[in-house]
Amino acid sequence: MRVLVFGSRTFDDWRPIHTVLEGYLRACVEVSDTLGIIEGGARGADRFAREFFDGQDGRLLHDNIYHETYPADWKNDGRSAGPKRNRRMARLGEPDVAWGFVDKPLANSVGSYDMAQVCLGLSIPTYIVQKL
């Protein structure tokens, strides 16, 4: 199972992200599958996904989980770096599902909105969690 995590750089609550990923990890372990966590290397939601992966060492066999980061290339791509990264992450990462975590309405979170649209355009099931 490959799970793409994205969201607001200002998202400041690790709990919903870790809860979602823990559920997928438990399901993967039960059926001898692996969990792939895909994220974009930013602050906020992406960082919490990385921290979930890092926190698994010692709790489960490392074979059950892996992690991929797709950072934006701001130096070469300028202002289009975020959207280009989003497309690369969705296509090359080949996620089975995408989860977005935002701290404002999705339409007001430009990068997260773009990522959601990219995933939906590729028929990737996409879920959004908005912090109230």
# chains A, B, ... in the order shown; residues from 1 in each chain; ligands from 1
>>> residues_around(residues="Trp14 of chain A", least_positions_apart="2", cutoff="6 Å", atoms="only C-alpha atoms", output="list of chain:residue names")
A:Pro16, A:Ile17, A:Phe48
>>> closest_residue(among="A:Ala49, A:Leu35, A:Leu92, A:Ile128", to="Thr19 of chain A", atoms="only C-alpha atoms")
A:Ala49
>>> closest_residue(among="A:Leu132, A:Val97, A:Ala72, A:Met115", to="Ala42 of chain A", atoms="only C-alpha atoms")
A:Ala72
>>> closest_residue(among="A:Tyr70, A:Phe53, A:Trp99, A:Phe6", to="Pro125 of chain A", atoms="only C-alpha atoms")
A:Trp99
>>> closest_residue(among="A:Thr34, A:Gly23, A:Asp114, A:Gly40", to="Pro83 of chain A", atoms="only C-alpha atoms")
A:Asp114
>>> residues_around(residues="Gly7 of chain A", least_positions_apart="3", cutoff="10 Å", atoms="only C-alpha atoms", output="number ranges by chain")
A: 10-11, 39-40, 42-47, 99-103, 106, 109-113, 115-116, 128-130
>>> closest_residue(among="A:Pro105, A:Val3, A:Glu51, A:Asp77", to="Arg15 of chain A", atoms="only C-alpha atoms")
A:Glu51
>>> decode(residues="segment 1-48 of chain A", atoms="N, CA and C atoms", output="short mmCIF file (atom, residue, chain, number, x, y, z; two decimals), in the first residue's frame")
data_model
loop_
_atom_site.label_atom_id
_atom_site.label_comp_id
_atom_site.auth_asym_id
_atom_site.auth_seq_id
_atom_site.Cartn_x
_atom_site.Cartn_y
_atom_site.Cartn_z
N MET A 1 0.86 -1.17 0.00
CA MET A 1 0.00 0.00 0.00
C MET A 1 0.90 1.23 0.00
N ARG A 2 0.64 2.12 -0.94
CA ARG A 2 1.43 3.36 -1.05
C ARG A 2 0.51 4.54 -0.73
N VAL A 3 0.85 5.28 0.32
CA VAL A 3 0.02 6.37 0.81
C VAL A 3 0.77 7.69 0.61
N LEU A 4 0.16 8.60 -0.14
CA LEU A 4 0.72 9.93 -0.35
C LEU A 4 0.12 10.86 0.71
N VAL A 5 0.99 11.53 1.46
CA VAL A 5 0.55 12.49 2.47
C VAL A 5 0.96 13.88 2.01
N PHE A 6 0.02 14.81 2.06
CA PHE A 6 0.30 16.20 1.70
C PHE A 6 -0.51 17.10 2.60
N GLY A 7 -0.22 18.39 2.54
CA GLY A 7 -1.02 19.31 3.33
C GLY A 7 -0.34 20.63 3.59
N SER A 8 -0.97 21.39 4.45
CA SER A 8 -0.51 22.73 4.79
C SER A 8 0.85 22.67 5.48
N ARG A 9 1.70 23.62 5.12
CA ARG A 9 2.99 23.74 5.81
C ARG A 9 2.79 24.19 7.25
N THR A 10 1.66 24.81 7.54
CA THR A 10 1.38 25.30 8.89
C THR A 10 0.53 24.31 9.69
N PHE A 11 0.24 23.13 9.13
CA PHE A 11 -0.52 22.12 9.87
C PHE A 11 0.33 21.70 11.06
N ASP A 12 -0.22 21.80 12.27
CA ASP A 12 0.61 21.62 13.47
C ASP A 12 0.15 20.49 14.40
N ASP A 13 -0.61 19.56 13.89
CA ASP A 13 -1.10 18.45 14.74
C ASP A 13 -0.71 17.12 14.11
N TRP A 14 0.24 16.45 14.69
CA TRP A 14 0.73 15.18 14.16
C TRP A 14 -0.27 14.05 14.34
N ARG A 15 -1.18 14.15 15.31
CA ARG A 15 -2.04 13.02 15.69
C ARG A 15 -2.91 12.48 14.56
N PRO A 16 -3.63 13.30 13.79
CA PRO A 16 -4.45 12.69 12.73
C PRO A 16 -3.61 12.01 11.65
N ILE A 17 -2.45 12.56 11.37
CA ILE A 17 -1.57 11.97 10.35
C ILE A 17 -1.05 10.62 10.84
N HIS A 18 -0.56 10.59 12.06
CA HIS A 18 -0.05 9.34 12.62
C HIS A 18 -1.16 8.31 12.77
N THR A 19 -2.37 8.74 13.10
CA THR A 19 -3.49 7.81 13.25
C THR A 19 -3.82 7.15 11.91
N VAL A 20 -3.89 7.94 10.85
CA VAL A 20 -4.16 7.40 9.51
C VAL A 20 -3.06 6.43 9.11
N LEU A 21 -1.81 6.83 9.26
CA LEU A 21 -0.70 5.98 8.84
C LEU A 21 -0.59 4.71 9.69
N GLU A 22 -0.87 4.83 10.97
CA GLU A 22 -0.86 3.65 11.85
C GLU A 22 -1.90 2.63 11.40
N GLY A 23 -3.08 3.12 10.99
CA GLY A 23 -4.11 2.21 10.49
C GLY A 23 -3.66 1.46 9.25
N TYR A 24 -3.06 2.18 8.32
CA TYR A 24 -2.55 1.51 7.12
C TYR A 24 -1.42 0.55 7.46
N LEU A 25 -0.54 0.94 8.37
CA LEU A 25 0.58 0.07 8.73
C LEU A 25 0.08 -1.22 9.36
N ARG A 26 -0.87 -1.12 10.28
CA ARG A 26 -1.42 -2.33 10.92
C ARG A 26 -2.06 -3.25 9.88
N ALA A 27 -2.82 -2.65 8.95
CA ALA A 27 -3.46 -3.46 7.91
C ALA A 27 -2.41 -4.13 7.03
N CYS A 28 -1.35 -3.42 6.71
CA CYS A 28 -0.28 -4.00 5.87
C CYS A 28 0.41 -5.14 6.59
N VAL A 29 0.71 -4.97 7.86
CA VAL A 29 1.38 -6.02 8.63
C VAL A 29 0.50 -7.27 8.69
N GLU A 30 -0.80 -7.09 8.86
CA GLU A 30 -1.73 -8.23 8.95
C GLU A 30 -1.71 -9.09 7.70
N VAL A 31 -1.49 -8.47 6.54
CA VAL A 31 -1.53 -9.23 5.29
C VAL A 31 -0.14 -9.37 4.64
N SER A 32 0.89 -9.15 5.45
CA SER A 32 2.28 -9.26 4.99
C SER A 32 2.57 -8.36 3.79
N ASP A 33 2.02 -7.17 3.82
CA ASP A 33 2.27 -6.16 2.79
C ASP A 33 3.20 -5.10 3.38
N THR A 34 3.67 -4.20 2.56
CA THR A 34 4.48 -3.09 3.04
C THR A 34 3.72 -1.80 2.89
N LEU A 35 4.05 -0.84 3.74
CA LEU A 35 3.47 0.50 3.67
C LEU A 35 4.53 1.43 3.12
N GLY A 36 4.21 2.09 2.02
CA GLY A 36 5.07 3.13 1.48
C GLY A 36 4.46 4.48 1.78
N ILE A 37 5.24 5.34 2.41
CA ILE A 37 4.79 6.69 2.72
C ILE A 37 5.47 7.64 1.74
N ILE A 38 4.68 8.41 1.04
CA ILE A 38 5.16 9.35 0.03
C ILE A 38 4.83 10.76 0.51
N GLU A 39 5.81 11.66 0.51
CA GLU A 39 5.57 13.04 0.93
C GLU A 39 6.53 13.97 0.21
N GLY A 40 6.28 15.28 0.32
CA GLY A 40 7.00 16.25 -0.48
C GLY A 40 8.13 17.00 0.19
N GLY A 41 8.52 16.61 1.40
CA GLY A 41 9.68 17.22 2.03
C GLY A 41 9.47 18.60 2.63
N ALA A 42 8.23 19.01 2.81
CA ALA A 42 7.96 20.34 3.35
C ALA A 42 7.71 20.28 4.86
N ARG A 43 7.50 21.45 5.45
CA ARG A 43 7.11 21.53 6.86
C ARG A 43 5.66 21.06 7.00
N GLY A 44 5.20 20.98 8.21
CA GLY A 44 3.79 20.67 8.47
C GLY A 44 3.46 19.22 8.23
N ALA A 45 2.43 18.97 7.43
CA ALA A 45 1.92 17.62 7.22
C ALA A 45 3.00 16.67 6.70
N ASP A 46 3.80 17.12 5.76
CA ASP A 46 4.86 16.27 5.21
C ASP A 46 5.84 15.85 6.30
N ARG A 47 6.22 16.79 7.13
CA ARG A 47 7.18 16.50 8.21
C ARG A 47 6.62 15.46 9.17
N PHE A 48 5.33 15.57 9.50
CA PHE A 48 4.73 14.60 10.42
C PHE A 48 4.69 13.20 9.81
#
